[in-house]
$ cat input28.cif   # mmCIF, C-alpha atoms
data_structure
loop_
_atom_site.group_PDB
_atom_site.id
_atom_site.type_symbol
_atom_site.label_atom_id
_atom_site.label_comp_id
_atom_site.auth_asym_id
_atom_site.auth_seq_id
_atom_site.Cartn_x
_atom_site.Cartn_y
_atom_site.Cartn_z
ATOM 1 C CA MET A 1265 -91.633 -16.067 -28.605
ATOM 2 C CA LEU A 1266 -92.560 -14.740 -25.172
ATOM 3 C CA LYS A 1267 -96.223 -14.555 -24.275
ATOM 4 C CA GLY A 1268 -96.140 -10.815 -23.692
ATOM 5 C CA ARG A 1269 -94.485 -10.140 -27.037
ATOM 6 C CA LYS A 1270 -97.077 -12.173 -28.860
ATOM 7 C CA LYS A 1271 -99.875 -10.246 -27.222
ATOM 8 C CA ASN A 1272 -98.227 -6.907 -27.845
ATOM 9 C CA ILE A 1273 -99.048 -7.418 -31.536
ATOM 10 C CA LEU A 1274 -102.646 -6.807 -30.452
ATOM 11 C CA GLU A 1275 -103.910 -3.704 -28.744
ATOM 12 C CA TYR A 1276 -104.887 -3.904 -25.103
ATOM 13 C CA LYS A 1277 -108.080 -1.955 -24.534
ATOM 14 C CA GLY A 1278 -110.783 -1.671 -21.920
ATOM 15 C CA SER A 1279 -112.052 0.090 -18.843
ATOM 16 C CA CYS A 1280 -109.905 0.933 -15.839
ATOM 17 C CA TYR A 1281 -110.040 0.578 -12.065
ATOM 18 C CA ILE A 1282 -108.099 3.416 -10.413
ATOM 19 C CA GLY A 1283 -106.518 2.704 -7.042
ATOM 20 C CA VAL A 1284 -104.916 5.476 -4.987
ATOM 21 C CA VAL A 1285 -102.492 4.705 -2.139
ATOM 22 C CA GLY A 1286 -101.481 7.126 0.600
ATOM 23 C CA ASN A 1287 -101.785 8.082 4.240
ATOM 24 C CA GLU A 1288 -104.288 10.239 6.128
ATOM 25 C CA LEU A 1289 -102.455 13.457 5.176
ATOM 26 C CA GLU A 1290 -103.338 14.878 1.773
ATOM 27 C CA THR A 1291 -101.807 17.651 -0.307
ATOM 28 C CA ALA A 1292 -104.430 19.650 -2.161
ATOM 29 C CA ILE A 1293 -102.476 19.888 -5.426
ATOM 30 C CA CYS A 1294 -102.027 16.087 -5.468
ATOM 31 C CA ARG A 1295 -105.653 15.318 -4.583
ATOM 32 C CA ASP A 1296 -106.950 17.744 -7.199
ATOM 33 C CA SER A 1297 -104.695 16.347 -9.936
ATOM 34 C CA ILE A 1298 -106.009 12.825 -9.264
ATOM 35 C CA ALA A 1299 -109.606 14.047 -9.345
ATOM 36 C CA ASN A 1300 -108.925 15.805 -12.671
ATOM 37 C CA ILE A 1301 -107.566 12.762 -14.523
ATOM 38 C CA LYS A 1302 -109.661 12.288 -17.669
ATOM 39 C CA LEU A 1303 -111.801 9.150 -17.700
ATOM 40 C CA GLU A 1304 -113.681 7.284 -20.405
ATOM 41 C CA LYS A 1305 -117.034 5.536 -20.214
ATOM 42 C CA GLY A 1306 -116.688 2.446 -18.044
ATOM 43 C CA ASP A 1307 -113.710 3.741 -16.033
ATOM 44 C CA MET A 1308 -114.150 3.793 -12.271
ATOM 45 C CA LEU A 1309 -113.611 6.873 -10.157
ATOM 46 C CA PRO A 1310 -110.329 6.931 -8.204
ATOM 47 C CA TYR A 1311 -110.655 4.865 -5.033
ATOM 48 C CA PRO A 1312 -108.295 5.885 -2.199
ATOM 49 C CA ILE A 1313 -106.984 3.496 0.435
ATOM 50 C CA ARG A 1314 -105.038 5.039 3.305
ATOM 51 C CA ALA A 1315 -102.672 2.671 5.044
ATOM 52 C CA THR A 1316 -99.530 2.670 7.160
ATOM 53 C CA LYS A 1317 -97.945 0.108 4.843
ATOM 54 C CA GLY A 1318 -98.281 0.907 1.177
ATOM 55 C CA TYR A 1319 -97.868 -2.685 -0.001
ATOM 56 C CA GLU A 1320 -100.952 -3.768 1.967
ATOM 57 C CA ALA A 1321 -103.059 -1.052 0.334
ATOM 58 C CA ARG A 1322 -101.787 -1.988 -3.125
ATOM 59 C CA GLN A 1323 -102.588 -5.663 -2.563
ATOM 60 C CA THR A 1324 -106.103 -4.636 -1.493
ATOM 61 C CA HIS A 1325 -106.435 -2.743 -4.771
ATOM 62 C CA PHE A 1326 -105.326 -5.863 -6.675
ATOM 63 C CA ASN A 1327 -107.998 -7.877 -4.844
ATOM 64 C CA ASN A 1328 -110.714 -5.285 -5.480
ATOM 65 C CA TRP A 1329 -109.808 -4.971 -9.153
ATOM 66 C CA LEU A 1330 -109.485 -8.656 -9.983
ATOM 67 C CA ASN A 1331 -112.279 -10.017 -7.807
ATOM 68 C CA ASN A 1332 -114.891 -7.263 -7.719
ATOM 69 C CA THR A 1333 -114.734 -5.578 -11.136
ATOM 70 C CA ASP A 1334 -114.591 -6.546 -14.787
ATOM 71 C CA CYS A 1335 -112.181 -3.711 -15.645
ATOM 72 C CA ALA A 1336 -109.428 -4.699 -18.063
ATOM 73 C CA PHE A 1337 -106.865 -2.331 -16.519
ATOM 74 C CA MET A 1338 -105.820 -1.076 -13.113
ATOM 75 C CA LEU A 1339 -104.098 2.285 -12.709
ATOM 76 C CA LEU A 1340 -102.214 2.554 -9.410
ATOM 77 C CA LEU A 1341 -101.401 6.058 -8.171
ATOM 78 C CA ASP A 1342 -99.608 7.426 -5.104
ATOM 79 C CA SER A 1343 -101.378 10.226 -3.267
ATOM 80 C CA ASP A 1344 -98.225 12.342 -2.813
ATOM 81 C CA MET A 1345 -97.850 12.926 -6.530
ATOM 82 C CA VAL A 1346 -99.158 15.361 -9.144
ATOM 83 C CA PHE A 1347 -100.463 13.802 -12.375
ATOM 84 C CA PRO A 1348 -101.203 15.228 -15.833
ATOM 85 C CA GLU A 1349 -104.897 15.232 -16.766
ATOM 86 C CA ASN A 1350 -104.174 12.851 -19.656
ATOM 87 C CA THR A 1351 -102.293 10.284 -17.510
ATOM 88 C CA LEU A 1352 -104.736 7.414 -18.094
ATOM 89 C CA GLU A 1353 -105.648 8.544 -21.599
ATOM 90 C CA ARG A 1354 -102.025 8.567 -22.777
ATOM 91 C CA LEU A 1355 -100.856 5.385 -21.025
ATOM 92 C CA ARG A 1356 -103.848 3.420 -22.328
ATOM 93 C CA SER A 1357 -103.464 4.854 -25.848
ATOM 94 C CA HIS A 1358 -100.345 2.745 -26.486
ATOM 95 C CA GLY A 1359 -102.365 -0.476 -26.421
ATOM 96 C CA LEU A 1360 -99.711 -2.084 -24.205
ATOM 97 C CA PRO A 1361 -100.321 -4.237 -21.119
ATOM 98 C CA TYR A 1362 -97.838 -2.813 -18.606
ATOM 99 C CA LEU A 1363 -96.646 0.791 -18.407
ATOM 100 C CA SER A 1364 -95.314 3.375 -15.974
ATOM 101 C CA GLY A 1365 -95.485 7.122 -15.945
ATOM 102 C CA ALA A 1366 -92.209 8.966 -15.329
ATOM 103 C CA TYR A 1367 -91.493 10.361 -11.888
ATOM 104 C CA MET A 1368 -88.618 10.896 -9.490
ATOM 105 C CA ARG A 1369 -87.475 9.704 -6.104
ATOM 106 C CA ARG A 1370 -88.096 12.153 -3.283
ATOM 107 C CA THR A 1371 -84.536 13.459 -3.413
ATOM 108 C CA PHE A 1372 -82.975 16.771 -4.405
ATOM 109 C CA ALA A 1373 -79.207 16.342 -4.570
ATOM 110 C CA PRO A 1374 -79.232 15.189 -7.244
ATOM 111 C CA PRO A 1375 -82.728 14.388 -8.557
ATOM 112 C CA ALA A 1376 -82.866 10.678 -9.409
ATOM 113 C CA PRO A 1377 -85.405 8.629 -11.410
ATOM 114 C CA VAL A 1378 -87.491 6.004 -9.640
ATOM 115 C CA TRP A 1379 -87.193 3.514 -12.516
ATOM 116 C CA PHE A 1380 -84.503 0.869 -13.135
ATOM 117 C CA GLU A 1381 -82.585 -0.422 -16.124
ATOM 118 C CA PRO A 1382 -83.733 -3.671 -17.782
ATOM 119 C CA PHE A 1383 -82.792 -6.610 -15.591
ATOM 120 C CA GLU A 1384 -79.405 -8.279 -16.130
ATOM 121 C CA SER A 1385 -78.505 -9.654 -12.707
ATOM 122 C CA TRP A 1386 -79.225 -8.909 -9.054
ATOM 123 C CA PRO A 1387 -79.558 -6.210 -7.956
ATOM 124 C CA PHE A 1388 -81.494 -4.141 -10.473
ATOM 125 C CA ARG A 1389 -79.448 -1.109 -11.473
ATOM 126 C CA PRO A 1390 -81.174 2.257 -10.927
ATOM 127 C CA TRP A 1391 -81.512 4.284 -14.134
ATOM 128 C CA THR A 1392 -79.065 7.187 -14.317
ATOM 129 C CA SER A 1393 -78.950 8.168 -17.994
ATOM 130 C CA LYS A 1394 -81.046 11.085 -19.210
ATOM 131 C CA VAL A 1395 -84.236 10.468 -21.166
ATOM 132 C CA GLU A 1396 -86.119 12.430 -23.793
ATOM 133 C CA GLU A 1397 -89.699 13.527 -23.302
ATOM 134 C CA ASN A 1398 -92.637 11.847 -25.097
ATOM 135 C CA LYS A 1399 -90.876 8.552 -25.717
ATOM 136 C CA LEU A 1400 -91.302 4.944 -24.615
ATOM 137 C CA TYR A 1401 -88.419 3.202 -22.867
ATOM 138 C CA HIS A 1402 -88.067 -0.447 -21.882
ATOM 139 C CA VAL A 1403 -87.290 -0.519 -18.151
ATOM 140 C CA GLY A 1404 -86.709 -3.280 -15.629
ATOM 141 C CA ALA A 1405 -88.818 -1.865 -12.827
ATOM 142 C CA SER A 1406 -90.372 1.327 -11.532
ATOM 143 C CA GLY A 1407 -92.163 2.561 -8.446
ATOM 144 C CA TRP A 1408 -95.856 1.855 -7.926
ATOM 145 C CA GLY A 1409 -96.709 5.574 -8.044
ATOM 146 C CA CYS A 1410 -98.065 5.620 -11.616
ATOM 147 C CA ILE A 1411 -98.497 2.123 -13.037
ATOM 148 C CA LEU A 1412 -101.024 0.823 -15.574
ATOM 149 C CA ILE A 1413 -101.479 -2.969 -15.554
ATOM 150 C CA HIS A 1414 -103.697 -5.099 -17.765
ATOM 151 C CA ARG A 1415 -105.566 -8.033 -16.244
ATOM 152 C CA ASP A 1416 -103.598 -10.436 -18.472
ATOM 153 C CA VAL A 1417 -100.370 -9.446 -16.709
ATOM 154 C CA ALA A 1418 -101.770 -10.217 -13.266
ATOM 155 C CA GLU A 1419 -103.246 -13.535 -14.404
ATOM 156 C CA ALA A 1420 -99.929 -14.557 -15.983
ATOM 157 C CA VAL A 1421 -97.968 -13.652 -12.840
ATOM 158 C CA ARG A 1422 -100.384 -15.373 -10.429
ATOM 159 C CA PRO A 1423 -99.268 -19.002 -11.055
ATOM 160 C CA LEU A 1424 -95.594 -18.033 -10.725
ATOM 161 C CA LEU A 1425 -96.263 -16.747 -7.194
ATOM 162 C CA LYS A 1426 -97.768 -20.097 -6.055
ATOM 163 C CA GLY A 1427 -100.208 -18.555 -3.616
ATOM 164 C CA GLU A 1428 -98.182 -15.519 -2.539
ATOM 165 C CA ASP A 1429 -99.728 -12.063 -2.836
ATOM 166 C CA PHE A 1430 -98.936 -9.850 -5.796
ATOM 167 C CA VAL A 1431 -97.557 -7.109 -3.543
ATOM 168 C CA ILE A 1432 -95.341 -8.094 -0.603
ATOM 169 C CA GLU A 1433 -91.967 -7.129 0.809
ATOM 170 C CA ASP A 1434 -89.854 -10.257 0.279
ATOM 171 C CA ASP A 1435 -86.192 -11.270 0.418
ATOM 172 C CA MET A 1436 -86.591 -13.273 -2.813
ATOM 173 C CA ASP A 1437 -83.836 -15.626 -1.649
ATOM 174 C CA VAL A 1438 -85.645 -18.495 -3.387
ATOM 175 C CA MET A 1439 -88.369 -18.696 -6.009
ATOM 176 C CA PRO A 1440 -91.943 -18.995 -4.711
ATOM 177 C CA TYR A 1441 -92.687 -22.621 -3.829
ATOM 178 C CA ASP A 1442 -95.588 -24.969 -3.123
ATOM 179 C CA LEU A 1443 -95.098 -25.782 0.569
ATOM 180 C CA ASN A 1444 -97.667 -28.586 0.507
ATOM 181 C CA ARG A 1445 -95.822 -30.301 -2.349
ATOM 182 C CA ILE A 1446 -92.514 -29.984 -0.477
ATOM 183 C CA THR A 1447 -93.997 -31.321 2.764
ATOM 184 C CA VAL A 1448 -95.511 -34.346 1.043
ATOM 185 C CA ALA A 1449 -92.203 -35.133 -0.694
ATOM 186 C CA LEU A 1450 -90.276 -34.850 2.595
ATOM 187 C CA ASP A 1451 -92.744 -37.100 4.412
ATOM 188 C CA VAL A 1452 -92.520 -39.750 1.695
ATOM 189 C CA LEU A 1453 -88.711 -39.551 1.642
ATOM 190 C CA ASP A 1454 -88.595 -39.868 5.424
ATOM 191 C CA ASN A 1455 -90.728 -43.008 5.352
ATOM 192 C CA MET A 1456 -88.817 -44.509 2.438
ATOM 193 C CA THR A 1457 -85.401 -43.974 4.058
ATOM 194 C CA LYS A 1458 -86.640 -45.663 7.224
ATOM 195 C CA GLN A 1459 -87.510 -48.659 5.042
ATOM 196 C CA ASP A 1460 -84.100 -48.613 3.325
ATOM 197 C CA ALA A 1461 -85.704 -47.933 -0.057
ATOM 198 C CA PRO A 1462 -83.324 -48.060 -3.044
ATOM 199 C CA ALA A 1463 -81.974 -44.746 -4.320
ATOM 200 C CA LYS A 1464 -83.891 -45.081 -7.579
ATOM 201 C CA ALA A 1465 -87.170 -45.119 -5.668
ATOM 202 C CA LEU A 1466 -86.266 -41.834 -4.011
ATOM 203 C CA ALA A 1467 -85.436 -40.037 -7.244
ATOM 204 C CA ASP A 1468 -88.953 -38.800 -8.063
ATOM 205 C CA TYR A 1469 -89.337 -37.113 -4.686
ATOM 206 C CA VAL A 1470 -85.868 -35.577 -4.827
ATOM 207 C CA ALA A 1471 -86.864 -34.182 -8.234
ATOM 208 C CA VAL A 1472 -89.941 -32.595 -6.638
ATOM 209 C CA LEU A 1473 -87.769 -30.831 -4.059
ATOM 210 C CA LYS A 1474 -85.349 -29.616 -6.726
ATOM 211 C CA ASP A 1475 -88.264 -28.325 -8.763
ATOM 212 C CA GLU A 1476 -89.742 -26.401 -5.834
ATOM 213 C CA ILE A 1477 -86.654 -25.124 -3.991
ATOM 214 C CA LYS A 1478 -84.783 -22.910 -6.441
ATOM 215 C CA PRO A 1479 -82.304 -20.285 -5.163
ATOM 216 C CA LEU A 1480 -82.960 -16.873 -6.634
ATOM 217 C CA ARG A 1481 -81.028 -14.089 -4.860
ATOM 218 C CA ALA A 1482 -79.756 -16.357 -2.058
ATOM 219 C CA THR A 1483 -79.659 -13.390 0.339
ATOM 220 C CA LYS A 1484 -82.001 -12.386 3.165
ATOM 221 C CA ASP A 1485 -82.309 -8.596 2.846
ATOM 222 C CA LEU A 1486 -85.706 -7.394 1.673
ATOM 223 C CA VAL A 1487 -86.546 -6.500 -1.912
ATOM 224 C CA GLY A 1488 -89.240 -3.913 -2.536
ATOM 225 C CA SER A 1489 -92.545 -5.017 -4.013
ATOM 226 C CA ASP A 1490 -91.945 -2.565 -6.873
ATOM 227 C CA ILE A 1491 -88.948 -4.716 -7.875
ATOM 228 C CA ARG A 1492 -90.560 -8.072 -7.157
ATOM 229 C CA PHE A 1493 -93.683 -7.676 -9.295
ATOM 230 C CA PRO A 1494 -91.978 -6.537 -12.531
ATOM 231 C CA TYR A 1495 -89.403 -9.313 -12.100
ATOM 232 C CA PHE A 1496 -92.161 -11.941 -12.196
ATOM 233 C CA ALA A 1497 -94.048 -10.051 -14.900
ATOM 234 C CA LYS A 1498 -90.914 -10.322 -17.041
ATOM 235 C CA LEU A 1499 -90.727 -14.065 -16.324
ATOM 236 C CA ALA A 1500 -94.340 -14.289 -17.490
ATOM 237 C CA GLY A 1501 -93.400 -12.522 -20.738
ATOM 238 C CA PHE A 1502 -94.480 -8.933 -20.034
ATOM 239 C CA ASP A 1503 -91.976 -6.070 -20.298
ATOM 240 C CA LEU A 1504 -92.540 -2.841 -18.382
ATOM 241 C CA MET A 1505 -92.515 0.266 -20.557
ATOM 242 C CA LEU A 1506 -91.845 3.788 -19.317
ATOM 243 C CA ASP A 1507 -93.723 6.654 -20.981
ATOM 244 C CA THR A 1508 -91.890 9.971 -20.583
ATOM 245 C CA GLY A 1509 -94.957 11.669 -22.037
ATOM 246 C CA VAL A 1510 -96.587 11.177 -18.616
ATOM 247 C CA MET A 1511 -94.415 13.426 -16.452
ATOM 248 C CA CYS A 1512 -95.583 13.230 -12.843
ATOM 249 C CA GLY A 1513 -94.534 15.404 -9.927
ATOM 250 C CA HIS A 1514 -93.431 13.847 -6.636
ATOM 251 C CA VAL A 1515 -94.064 16.275 -3.817
ATOM 252 C CA VAL A 1516 -91.255 16.982 -1.378
ATOM 253 C CA ASN A 1517 -91.304 20.729 -0.743
ATOM 254 C CA TYR A 1518 -92.461 21.149 -4.310
ATOM 255 C CA PRO A 1519 -93.398 18.579 -7.004
ATOM 256 C CA ILE A 1520 -90.041 17.268 -8.214
ATOM 257 C CA THR A 1521 -90.393 16.069 -11.827
ATOM 258 C CA PRO A 1522 -88.281 14.277 -14.450
ATOM 259 C CA SER A 1523 -87.550 17.710 -15.919
ATOM 260 C CA ASP A 1524 -85.462 18.424 -12.817
ATOM 261 C CA PHE A 1525 -83.348 15.386 -13.676
ATOM 262 C CA ILE A 1526 -83.174 16.145 -17.402
ATOM 263 C CA ASN A 1527 -81.880 19.625 -16.590
ATOM 264 C CA THR A 1528 -79.342 18.429 -14.008
ATOM 265 C CA PRO A 1529 -75.720 19.231 -15.034
ATOM 266 C CA ASP A 1530 -74.003 16.357 -16.809
ATOM 267 C CA ASP A 1531 -71.161 16.164 -14.288
ATOM 268 C CA THR A 1532 -73.677 15.746 -11.445
ATOM 269 C CA VAL A 1533 -75.438 12.956 -13.342
ATOM 270 C CA ALA A 1534 -72.076 11.290 -14.034
ATOM 271 C CA ASN A 1535 -71.247 11.414 -10.325
ATOM 272 C CA LEU A 1536 -74.624 9.826 -9.499
ATOM 273 C CA SER A 1537 -73.988 7.110 -12.081
ATOM 274 C CA ASN A 1538 -70.552 6.367 -10.607
ATOM 275 C CA GLN A 1539 -72.031 6.074 -7.113
ATOM 276 C CA ILE A 1540 -74.725 3.714 -8.401
ATOM 277 C CA ASP A 1541 -72.135 1.608 -10.251
ATOM 278 C CA LYS A 1542 -70.075 1.201 -7.072
ATOM 279 C CA GLN A 1543 -73.136 0.241 -5.052
ATOM 280 C CA VAL A 1544 -74.413 -2.226 -7.668
ATOM 281 C CA ARG A 1545 -70.997 -3.887 -8.109
ATOM 282 C CA GLY A 1546 -70.771 -4.473 -4.362
ATOM 283 C CA GLU A 1547 -74.282 -5.913 -4.180
ATOM 284 C CA ARG A 1548 -73.760 -8.165 -7.219
ATOM 285 C CA LYS A 1549 -70.535 -9.492 -5.699
ATOM 286 C CA ARG A 1550 -72.369 -10.249 -2.470
ATOM 287 C CA VAL A 1551 -75.125 -12.121 -4.302
ATOM 288 C CA ALA A 1552 -72.576 -14.002 -6.447
ATOM 289 C CA ASP A 1553 -70.596 -15.006 -3.340
ATOM 290 C CA LYS A 1554 -73.747 -16.371 -1.698
ATOM 291 C CA LYS A 1555 -74.642 -18.378 -4.783
ATOM 292 C CA ARG A 1556 -71.060 -19.652 -5.050
ATOM 293 C CA LEU A 1557 -71.270 -20.990 -1.498
ATOM 294 C CA LEU A 1558 -74.486 -22.802 -2.410
ATOM 295 C CA ASP A 1559 -72.805 -24.349 -5.456
ATOM 296 C CA VAL A 1560 -69.846 -25.476 -3.310
ATOM 297 C CA ALA A 1561 -72.243 -27.026 -0.818
ATOM 298 C CA LYS A 1562 -73.927 -28.998 -3.613
ATOM 299 C CA VAL A 1563 -70.577 -30.336 -4.877
ATOM 300 C CA THR A 1564 -69.326 -31.387 -1.442
ATOM 301 C CA LYS A 1565 -72.449 -33.374 -0.576
#
$ encode --input "input28.cif" --output "structure tokens"
Amino acid sequence: MLKGRKKNILEYKGSCYIGVVGNELETAICRDSIANIKLEKGDMLPYPIRATKGYEARQTHFNNWLNNTDCAFMLLLDSDMVFPENTLERLRSHGLPYLSGAYMRRTFAPPAPVWFEPFESWPFRPWTSKVEENKLYHVGASGWGCILIHRDVAEAVRPLLKGEDFVIEDDMDVMPYDLNRITVALDVLDNMTKQDAPAKALADYVAVLKDEIKPLRATKDLVGSDIRFPYFAKLAGFDLMLDTGVMCGHVVNYPITPSDFINTPDDTVANLSNQIDKQVRGERKRVADKKRLLDVAKVTK
């Protein structure tokens, strides 16, 4: 049984660090909604970090939370969103380690959810089916704008990243690797081949390289950190759950909410789904073709 599923039998409880990410421009309705989020004893007041690059601010929040507090949870919020007062109260009430509130992309025509379907193959498929309010859904990924993470999730993901930050923009062409281990193996192999060592003697070091260098997507275009982290959380045994009881507004000219999507005409949603299907099929073919070339290269060596 997966680690996360075992632990989900128990309730995750504890205090919360609240990290807010945004730029120097603030919208009053967003700022006020963050200030009005209900807290419990032991919870920290929302701490804003303004940065040009959101992933850097979010990594700083990870560092502050894990290294400078004893809070069990971290709630990450985006400063251009409007949150219900019970955001933290409701998300934490489920006793689960990894949850997202429901919010939308900053688009109008049509409104589109920011979350993704459970992972099957690259790329993640954006969610296009309608949801019901006040329910939990298993999702593959979601934006960072309203995410509750338990410390156990971060500690389980950390060894998989092999020294990389929790929040980076990455092409994910290969799995994270231990560069020192690879370098040592290459140096030893280089010396052994110069000495005409038998193939059997080289096998252990070849095994090290195979263990460290593992193709993942095999493509070089960047993957967002909001895809990368839940992918590794899933590998560590933690599923991301979406709570449609936490309906957040994403401010464009007005706070666009999941209700806008729920009330979108069915034919418009179907058209969006067809567009997404076409895009995903093309991307999956591209990834498959890249991996096929790698497999051919292995065979021809």
$ residues_around --input "input28.cif" --residues "Glu1353 (chain A)" --least-positions-apart "6" --cutoff "9 Å" --atoms "all atoms listed in the file" --output "list in words"
Ile1301, Lys1302, Leu1303 and Glu1304 of chain A
$ residues_around --input "input28.cif" --residues "His1514 (chain A)" --least-positions-apart "4" --cutoff "6 Å" --atoms "all atoms listed in the file" --output "compact mmCIF listing (two decimals) with C-alpha atoms, in the coordinates of the input"
# COMPACT_ATOMS: atom_id res chain seq x y z
CA MET A 1345 -97.85 12.93 -6.53
CA PRO A 1519 -93.40 18.58 -7.00
CA ILE A 1520 -90.04 17.27 -8.21
$ residues_around --input "input28.cif" --residues "Asn1527 (chain A)" --least-positions-apart "2" --cutoff "12 Å" --atoms "all atoms listed in the file" --output "ChimeraX atom specification"
/A:1374-1376,1393-1397,1520-1525,1529-1533
$ resolve_selection --input "input28.cif" --expression "the PyMOL selection byres ((chain A and resi 1413-1427) around 8)" --output "PDB file with C-alpha atoms, in the coordinates of the input"
ATOM      1  CA  TYR A1276    -104.887  -3.904 -25.103  1.00  0.00           C
ATOM      2  CA  LEU A1330    -109.485  -8.656  -9.983  1.00  0.00           C
ATOM      3  CA  CYS A1335    -112.181  -3.711 -15.645  1.00  0.00           C
ATOM      4  CA  ALA A1336    -109.428  -4.699 -18.063  1.00  0.00           C
ATOM      5  CA  PHE A1337    -106.865  -2.331 -16.519  1.00  0.00           C
ATOM      6  CA  MET A1338    -105.820  -1.076 -13.113  1.00  0.00           C
ATOM      7  CA  LEU A1339    -104.098   2.285 -12.709  1.00  0.00           C
ATOM      8  CA  PRO A1361    -100.321  -4.237 -21.119  1.00  0.00           C
ATOM      9  CA  TYR A1362     -97.838  -2.813 -18.606  1.00  0.00           C
ATOM     10  CA  LEU A1363     -96.646   0.791 -18.407  1.00  0.00           C
ATOM     11  CA  ILE A1411     -98.497   2.123 -13.037  1.00  0.00           C
ATOM     12  CA  LEU A1412    -101.024   0.823 -15.574  1.00  0.00           C
ATOM     13  CA  GLU A1428     -98.182 -15.519  -2.539  1.00  0.00           C
ATOM     14  CA  ASP A1429     -99.728 -12.063  -2.836  1.00  0.00           C
ATOM     15  CA  PHE A1430     -98.936  -9.850  -5.796  1.00  0.00           C
ATOM     16  CA  PRO A1440     -91.943 -18.995  -4.711  1.00  0.00           C
ATOM     17  CA  TYR A1441     -92.687 -22.621  -3.829  1.00  0.00           C
ATOM     18  CA  ASP A1442     -95.588 -24.969  -3.123  1.00  0.00           C
ATOM     19  CA  PHE A1496     -92.161 -11.941 -12.196  1.00  0.00           C
ATOM     20  CA  ALA A1497     -94.048 -10.051 -14.900  1.00  0.00           C
ATOM     21  CA  ALA A1500     -94.340 -14.289 -17.490  1.00  0.00           C
ATOM     22  CA  PHE A1502     -94.480  -8.933 -20.034  1.00  0.00           C
TER      23      PHE A1502
END
$ closest_atom_pairs --input "input28.cif" --of "region 1270-1295 of chain A" --to "region 1309-1312 of chain A" --cutoff "8 Å" --atoms "all atoms listed in the file" --output "JSON lines"
{"residue": "A:Tyr1281", "atom": "CA", "partner": "A:Pro1310", "partner_atom": "CA", "distance": 7.4}
{"residue": "A:Ile1282", "atom": "CA", "partner": "A:Pro1310", "partner_atom": "CA", "distance": 4.7}
{"residue": "A:Gly1283", "atom": "CA", "partner": "A:Tyr1311", "partner_atom": "CA", "distance": 5.1}
{"residue": "A:Val1284", "atom": "CA", "partner": "A:Pro1312", "partner_atom": "CA", "distance": 4.4}
{"residue": "A:Val1285", "atom": "CA", "partner": "A:Pro1312", "partner_atom": "CA", "distance": 5.9}
{"residue": "A:Gly1286", "atom": "CA", "partner": "A:Pro1312", "partner_atom": "CA", "distance": 7.5}
$ atom_distance --input "input28.cif" --atom1 "CA of Phe1372 (chain A)" --atom2 "CA of Ser1537 (chain A)"
15.3 Å
$ resolve_selection --input "input28.cif" --expression "the PyMOL selection byres ((chain A and resi 1503) around 12)" --output "VMD selection string"
chain A and resid 1266 to 1272 1360 to 1364 1381 to 1383 1400 to 1406 1413 1417 1493 to 1502 1504 to 1506
$ atom_distance --input "input28.cif" --atom1 "CA of Trp1386 (chain A)" --atom2 "CA of Arg1481 (chain A)"
6.9 Å
$ atom_distance --input "input28.cif" --atom1 "CA of Asp1475 (chain A)" --atom2 "CA of Val1487 (chain A)"
22.9 Å
$ closest_residue --input "input28.cif" --among "A:Met1308, A:Leu1480, A:Leu1341, A:Ala1315" --to "Asn1328 (chain A)" --atoms "only C-alpha atoms"
A:Met1308
$ closest_residue --input "input28.cif" --among "A:Asp1559, A:Asp1437, A:Asp1307, A:Asp1344" --to "Asn1287 (chain A)" --atoms "all atoms listed in the file"
A:Asp1344
$ closest_residue --input "input28.cif" --among "A:Arg1545, A:Lys1458, A:Arg1389, A:His1358" --to "Leu1274 (chain A)" --atoms "only C-alpha atoms"
A:His1358
$ resolve_selection --input "input28.cif" --expression "the PyMOL selection byres ((chain A and resi 1277) around 8)" --output "list of chain:residue names"
A:Glu1275, A:Tyr1276, A:Gly1278, A:Ser1279, A:Ala1336, A:Arg1356, A:Gly1359
$ axis_aligned_box --input "input28.cif" --around "region 1416-1433 of chain A" --padding-each-side "5 Å" --output "JSON"
{"center_x": -97.8, "center_y": -13.6, "center_z": -8.8, "size_x": 21.6, "size_y": 23.0, "size_z": 29.3}
$ build_atoms --input "input28.cif" --residues "region 1423-1430 of chain A" --atoms "N, CA and C atoms" --output "compact mmCIF listing (two decimals), keeping the file's coordinate frame"
# COMPACT_ATOMS: atom_id res chain seq x y z
N PRO A 1423 -99.78 -17.64 -11.28
CA PRO A 1423 -99.27 -19.00 -11.06
C PRO A 1423 -97.79 -19.05 -10.68
N LEU A 1424 -97.01 -18.06 -11.09
CA LEU A 1424 -95.59 -18.03 -10.72
C LEU A 1424 -95.41 -17.79 -9.23
N LEU A 1425 -96.38 -17.10 -8.61
CA LEU A 1425 -96.26 -16.75 -7.19
C LEU A 1425 -96.71 -17.88 -6.27
N LYS A 1426 -97.39 -18.89 -6.81
CA LYS A 1426 -97.77 -20.10 -6.06
C LYS A 1426 -98.44 -19.77 -4.72
N GLY A 1427 -99.42 -18.87 -4.79
CA GLY A 1427 -100.21 -18.56 -3.62
C GLY A 1427 -99.77 -17.31 -2.88
N GLU A 1428 -98.61 -16.77 -3.19
CA GLU A 1428 -98.18 -15.52 -2.54
C GLU A 1428 -98.95 -14.34 -3.12
N ASP A 1429 -99.07 -13.27 -2.35
CA ASP A 1429 -99.73 -12.06 -2.84
C ASP A 1429 -98.92 -11.42 -3.96
N PHE A 1430 -99.62 -10.59 -4.74
CA PHE A 1430 -98.94 -9.85 -5.80
C PHE A 1430 -97.96 -8.82 -5.22
